[in-house]
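Enquirer: One file is attached below, input37.cif, containing mmCIF, C-alpha atoms.
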```cif
data_structure
loop_
_atom_site.label_atom_id
_atom_site.label_comp_id
_atom_site.auth_asym_id
_atom_site.auth_seq_id
_atom_site.Cartn_x
_atom_site.Cartn_y
_atom_site.Cartn_z
CA MET D 1322 5.22 13.76 -20.32
CA ALA D 1323 6.80 11.85 -17.44
CA LYS D 1324 4.61 9.22 -15.82
CA THR D 1325 5.09 10.66 -12.34
CA THR D 1326 3.72 14.11 -13.14
CA TYR D 1327 0.00 13.43 -13.27
CA ASP D 1328 -2.73 12.43 -10.80
CA PHE D 1329 -5.40 10.98 -13.11
CA VAL D 1330 -6.12 10.18 -16.74
CA GLY D 1331 -9.29 10.26 -18.79
CA TRP D 1332 -11.23 11.35 -21.83
CA ALA D 1333 -11.87 15.09 -22.04
CA SER D 1334 -14.34 14.45 -24.86
CA GLU D 1335 -15.24 11.72 -27.33
CA TYR D 1336 -15.46 12.24 -31.06
CA GLY D 1337 -18.58 11.27 -33.00
CA VAL D 1338 -20.92 11.35 -30.00
CA LEU D 1339 -24.06 13.50 -29.89
CA CYS D 1340 -23.57 15.88 -26.97
CA GLY D 1341 -26.27 17.19 -24.66
CA ASP D 1342 -26.11 20.58 -26.40
CA GLY D 1343 -27.06 18.99 -29.75
CA LYS D 1344 -23.55 19.20 -31.23
CA THR D 1345 -21.27 16.39 -32.36
CA ILE D 1346 -17.50 16.77 -32.32
CA ALA D 1347 -15.99 15.37 -35.52
CA PRO D 1348 -12.92 13.11 -35.34
CA GLY D 1349 -9.72 15.14 -35.14
CA ALA D 1350 -11.42 18.42 -34.20
CA PHE D 1351 -8.90 19.01 -31.40
CA ALA D 1352 -5.91 17.20 -32.96
CA ALA D 1353 -3.92 20.44 -33.23
CA GLN D 1354 -3.72 20.58 -29.43
CA ASP D 1355 -1.78 17.34 -29.09
CA GLY D 1356 0.92 17.94 -26.48
CA THR D 1357 -0.51 21.17 -25.07
CA GLU D 1358 -1.60 22.00 -21.52
CA VAL D 1359 -4.75 23.79 -20.40
CA PRO D 1360 -6.07 24.74 -16.95
CA LEU D 1361 -8.01 22.20 -14.88
CA VAL D 1362 -10.97 23.81 -13.08
CA PHE D 1363 -14.19 22.79 -11.31
CA GLN D 1364 -17.45 23.12 -13.25
CA HIS D 1365 -16.12 25.67 -15.76
CA ASP D 1366 -15.58 28.30 -13.07
CA HIS D 1367 -13.39 30.96 -14.70
CA SER D 1368 -14.11 33.62 -12.08
CA SER D 1369 -10.57 33.87 -10.64
CA ALA D 1370 -7.13 32.27 -10.53
CA LYS D 1371 -8.19 30.60 -7.26
CA THR D 1372 -10.55 28.30 -9.19
CA ILE D 1373 -7.66 26.66 -11.04
CA LEU D 1374 -7.11 23.20 -9.53
CA GLY D 1375 -4.18 22.20 -11.73
CA LYS D 1376 -3.51 21.47 -15.38
CA ALA D 1377 -4.49 18.98 -18.06
CA TYR D 1378 -1.98 17.74 -20.63
CA ILE D 1379 -3.80 16.87 -23.88
CA GLU D 1380 -2.88 13.84 -25.97
CA HIS D 1381 -4.67 13.43 -29.30
CA ARG D 1382 -6.11 9.95 -29.82
CA ASP D 1383 -8.46 8.59 -32.46
CA LYS D 1384 -11.31 8.36 -29.92
CA GLY D 1385 -10.85 11.96 -28.75
CA PRO D 1386 -8.65 14.17 -26.57
CA TYR D 1387 -7.15 12.09 -23.76
CA ILE D 1388 -5.83 14.03 -20.78
CA TYR D 1389 -3.30 13.58 -18.04
CA GLY D 1390 -4.55 15.69 -15.12
CA SER D 1391 -2.28 17.12 -12.47
CA PHE D 1392 -3.53 18.86 -9.32
CA ASN D 1393 -1.75 21.86 -7.83
CA GLU D 1394 -0.82 22.13 -4.13
CA THR D 1395 -3.60 24.57 -3.21
CA GLU D 1396 -6.18 23.53 -0.65
CA ASP D 1397 -8.84 23.26 -3.38
CA GLY D 1398 -6.48 21.33 -5.66
CA GLN D 1399 -5.73 18.79 -2.95
CA TYR D 1400 -9.42 18.51 -2.02
CA ALA D 1401 -10.29 17.84 -5.69
CA LYS D 1402 -7.51 15.23 -5.83
CA ALA D 1403 -9.01 13.46 -2.81
CA CYS D 1404 -12.46 13.52 -4.47
CA VAL D 1405 -11.06 11.97 -7.67
CA ASN D 1406 -9.08 9.33 -5.76
CA HIS D 1407 -12.15 8.44 -3.72
CA GLY D 1408 -14.39 8.26 -6.82
CA ASP D 1409 -16.61 11.17 -5.76
CA ILE D 1410 -15.84 13.01 -9.01
CA LYS D 1411 -15.78 10.79 -12.11
CA PHE D 1412 -16.62 13.03 -15.04
CA LEU D 1413 -14.93 15.64 -17.24
CA SER D 1414 -16.13 18.42 -19.49
CA ILE D 1415 -14.41 20.86 -21.82
CA PHE D 1416 -14.80 24.54 -22.60
CA ALA D 1417 -13.76 25.22 -26.20
CA ASP D 1418 -13.87 28.22 -28.53
CA HIS D 1419 -12.83 29.18 -32.07
CA LEU D 1420 -15.23 26.49 -33.25
CA THR D 1421 -15.67 25.64 -36.92
CA LYS D 1422 -19.11 24.14 -37.51
CA LYS D 1423 -20.75 22.28 -40.33
CA PRO D 1424 -24.51 22.12 -40.84
CA GLY D 1425 -26.21 19.84 -38.36
CA GLY D 1426 -24.13 21.01 -35.38
CA ILE D 1427 -20.97 19.10 -36.32
CA ILE D 1428 -17.85 20.73 -34.91
CA THR D 1429 -14.84 20.11 -37.15
CA LYS D 1430 -12.28 22.28 -35.38
CA GLY D 1431 -11.87 24.08 -32.10
CA THR D 1432 -9.58 25.04 -29.28
CA ILE D 1433 -9.97 23.53 -25.82
CA LYS D 1434 -9.49 26.36 -23.30
CA GLU D 1435 -9.93 24.31 -20.12
CA VAL D 1436 -10.92 20.90 -18.82
CA SER D 1437 -13.38 20.80 -15.94
CA LEU D 1438 -14.03 18.27 -13.23
CA VAL D 1439 -17.79 17.84 -12.98
CA PRO D 1440 -19.74 15.78 -10.41
CA PHE D 1441 -22.35 14.72 -12.98
CA GLY D 1442 -21.78 13.80 -16.61
CA GLY D 1443 -21.05 16.80 -18.82
CA ALA D 1444 -22.52 17.47 -22.25
CA ASN D 1445 -20.40 14.70 -23.81
CA PRO D 1446 -21.22 11.25 -22.38
CA GLY D 1447 -17.77 9.97 -23.42
CA ALA D 1448 -15.93 12.40 -21.11
CA TYR D 1449 -14.88 10.72 -17.89
CA ILE D 1450 -11.98 10.00 -15.57
CA GLU D 1451 -10.60 6.62 -16.48
CA GLN D 1452 -8.03 6.08 -13.72
CA ALA D 1453 -6.60 7.81 -10.69
CA VAL D 1454 -2.85 7.60 -10.14
CA LEU D 1455 -1.75 6.94 -6.57
CA ALA D 1456 1.71 7.84 -5.27
CA HIS D 1457 3.40 5.62 -2.68
CA GLY D 1458 5.84 6.67 0.00
CA ASP D 1459 8.69 4.90 -1.81
CA GLY D 1460 8.31 7.17 -4.85
CA THR D 1461 6.50 4.64 -7.05
CA TYR D 1462 3.13 5.22 -8.69
CA ASP D 1463 0.18 2.97 -9.56
CA GLU D 1464 -2.64 3.57 -12.00
CA VAL D 1465 -5.86 2.34 -10.46
CA GLU D 1466 -9.52 2.33 -11.35
CA VAL D 1467 -11.34 5.33 -9.92
CA GLN D 1468 -13.06 3.09 -7.38
CA ALA D 1469 -10.48 1.49 -5.11
CA PHE D 1470 -10.50 -0.83 -2.14
CA ILE D 1471 -7.84 -0.12 0.44
CA THR D 1472 -6.77 -3.05 2.60
CA THR D 1473 -4.21 -3.68 5.31
CA GLY D 1474 -3.18 -7.03 3.85
CA LEU D 1475 -4.09 -8.80 7.10
CA GLU D 1476 -6.45 -11.76 7.23
CA ILE D 1477 -9.52 -11.45 9.40
CA GLU D 1478 -10.13 -14.24 11.91
CA THR D 1479 -13.47 -14.78 13.57
CA ASP D 1480 -14.68 -17.26 16.18
CA ILE D 1481 -17.94 -18.87 15.17
CA GLU D 1482 -19.92 -21.02 17.54
CA THR D 1483 -21.86 -23.80 15.84
CA GLU D 1484 -24.60 -25.84 17.47
CA VAL D 1485 -24.37 -29.52 16.62
CA ILE D 1486 -27.34 -31.78 17.26
CA ALA D 1487 -26.40 -35.45 17.58
CA HIS D 1488 -28.94 -38.23 17.50
CA ALA D 1489 -28.15 -41.06 19.92
CA ASP D 1490 -29.12 -44.67 19.20
CA ASP D 1491 -31.99 -44.42 21.64
CA GLY D 1492 -33.63 -41.55 19.69
CA LYS D 1493 -32.82 -38.87 22.25
CA GLU D 1494 -31.19 -35.68 21.03
CA GLU D 1495 -27.97 -34.47 22.54
CA LYS D 1496 -26.80 -30.90 22.06
CA GLU D 1497 -23.17 -30.14 21.79
CA MET D 1498 -21.55 -26.77 21.19
CA ALA D 1499 -18.59 -26.87 18.85
CA LYS D 1500 -16.29 -23.92 18.58
CA GLU D 1501 -14.31 -23.59 15.38
CA LYS D 1502 -12.10 -20.92 13.85
CA GLU D 1503 -12.93 -19.80 10.36
CA ARG D 1504 -10.78 -17.56 8.18
CA THR D 1505 -12.55 -15.01 6.00
CA VAL D 1506 -11.33 -12.60 3.41
#
```
What is this structure when it is put down as structure tokens?
Expert:
Amino acid sequence: MAKTTYDFVGWASEYGVLCGDGKTIAPGAFAAQDGTEVPLVFQHDHSSAKTILGKAYIEHRDKGPYIYGSFNETEDGQYAKACVNHGDIKFLSIFADHLTKKPGGIITKGTIKEVSLVPFGGANPGAYIEQAVLAHGDGTYDEVEVQAFITTGLEIETDIETEVIAHADDGKEEKEMAKEKERTV
């Protein structure tokens, strides 16, 4: 997958972690999906094609399925992209079927059908957006932490008035106002 074709990266799930539904996904359970794409939706909403926000490219890793998410150009897709870039949405969740289970709720095999953006942690605490990818006007891209600080690159100058109290030899106090410039970042 080309670096310039995705908007964020993260963990769709983490192997070996007890999920909120009482199941644990065994290492390699989704390895067969390495290199495949699935729909990206919001909160597992499968009600219509309009709920599709983009796609998620799955890369199998030892820790779990890692995804490269790409938003479509729909109004909802672009709104979701803004929420991810701003850090308003930080978590992911998967919907999977064709599950093979062992006793004790251990899932050894399955098929991820979609990856969802979720505003609160999903069932798997290891599923989260790791980085947003920001495009620049010159065609270059940067991977950044989900929380970002945007600056103009300009220094801020402030005028601070400081009161200086001088003690004369005769014990009387003299007040003098000193004005100095201080640079802050």
Enquirer: Pick out the closest residue to Gly1431 in chain D from this set: D:Lys1376, D:Ala1453, D:Ala1350, D:Asp1397. Count all atoms listed in the file.
Expert: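 For Gly1431 in chain D, the nearest of the given residues is D:Ala1350.
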Enquirer: What's the 10 Å shell around Ile1433 in chain D, counting only C-alpha atoms, without same-chain residues fewer than 4 positions away, as an MDAnalysis selection string?
Expert: chainID D and resid 1333 1350:1351 1354 1357:1360 1379 1386 1415:1420
Enquirer: If you measure from CA of Glu1380 in chain D to CA of Ala1401 in chain D, what distance in Å do you get, rounded to one decimal?
Expert: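 Between CA of Glu1380 in chain D and CA of Ala1401 in chain D the gap is 22.0 Å.
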Enquirer: Just how far from CA of Ile1410 in chain D is CA of Ile1346 in chain D, in Å to one decimal?
Expert: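 If I compute the distance from CA of Ile1346 in chain D to CA of Ile1410 in chain D, I get 23.7 Å.
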Enquirer: Could you write out as JSON, numbers by chain the residues that the PyMOL selection byres ((chain D and resi 1336) around 9) matches in the shown file?
Expert: {"D": [1334, 1335, 1337, 1338, 1339, 1345, 1346, 1347, 1348, 1349, 1350, 1383, 1384, 1385, 1386, 1447]}
Enquirer: Report, in Å with one decimal, the straight-line distance from CA of Leu1374 in chain D to CA of Gly1356 in chain D.
Expert: 19.5 Å
Enquirer: Check the smallest atom-to-atom distance from each of D:Gly1390, D:Gly1425, D:Gly1398, D:Gly1375 to Glu1451 in chain D using all atoms listed in the file, then report the winner.
Expert: D:Gly1390
Enquirer: Tell me which of D:Tyr1378, D:Ser1414, D:Thr1372, D:Ala1448 sits closest to Val1436 in chain D, counting all atoms listed in the file.
Expert: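 Closest residue, counting all atoms listed in the file: D:Ser1414.
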Enquirer: Excluding Lys1344 in chain D and any residue of its chain fewer than 6 positions from it, enumerate the residues within 8 Å of it, using all atoms listed in the file, and give them as an MDAnalysis selection string.
Expert: chainID D and resid 1425:1428
Enquirer: Go through D:His1381, D:Pro1424, D:Glu1394, D:Val1439 and flag the residue nearest Ala1353 in chain D, using all atoms listed in the file for the distances.
Expert: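 Of D:His1381, D:Pro1424, D:Glu1394, D:Val1439, the one nearest Ala1353 in chain D is D:His1381, counting all atoms listed in the file.
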Enquirer: Mind checking which residues fall within 7 Å of Cys1340 in chain D, counting all atoms listed in the file, ignoring those fewer than 5 positions away in the same chain, and posting them as a ChimeraX atom specification?
Expert: /D:1345,1444-1446
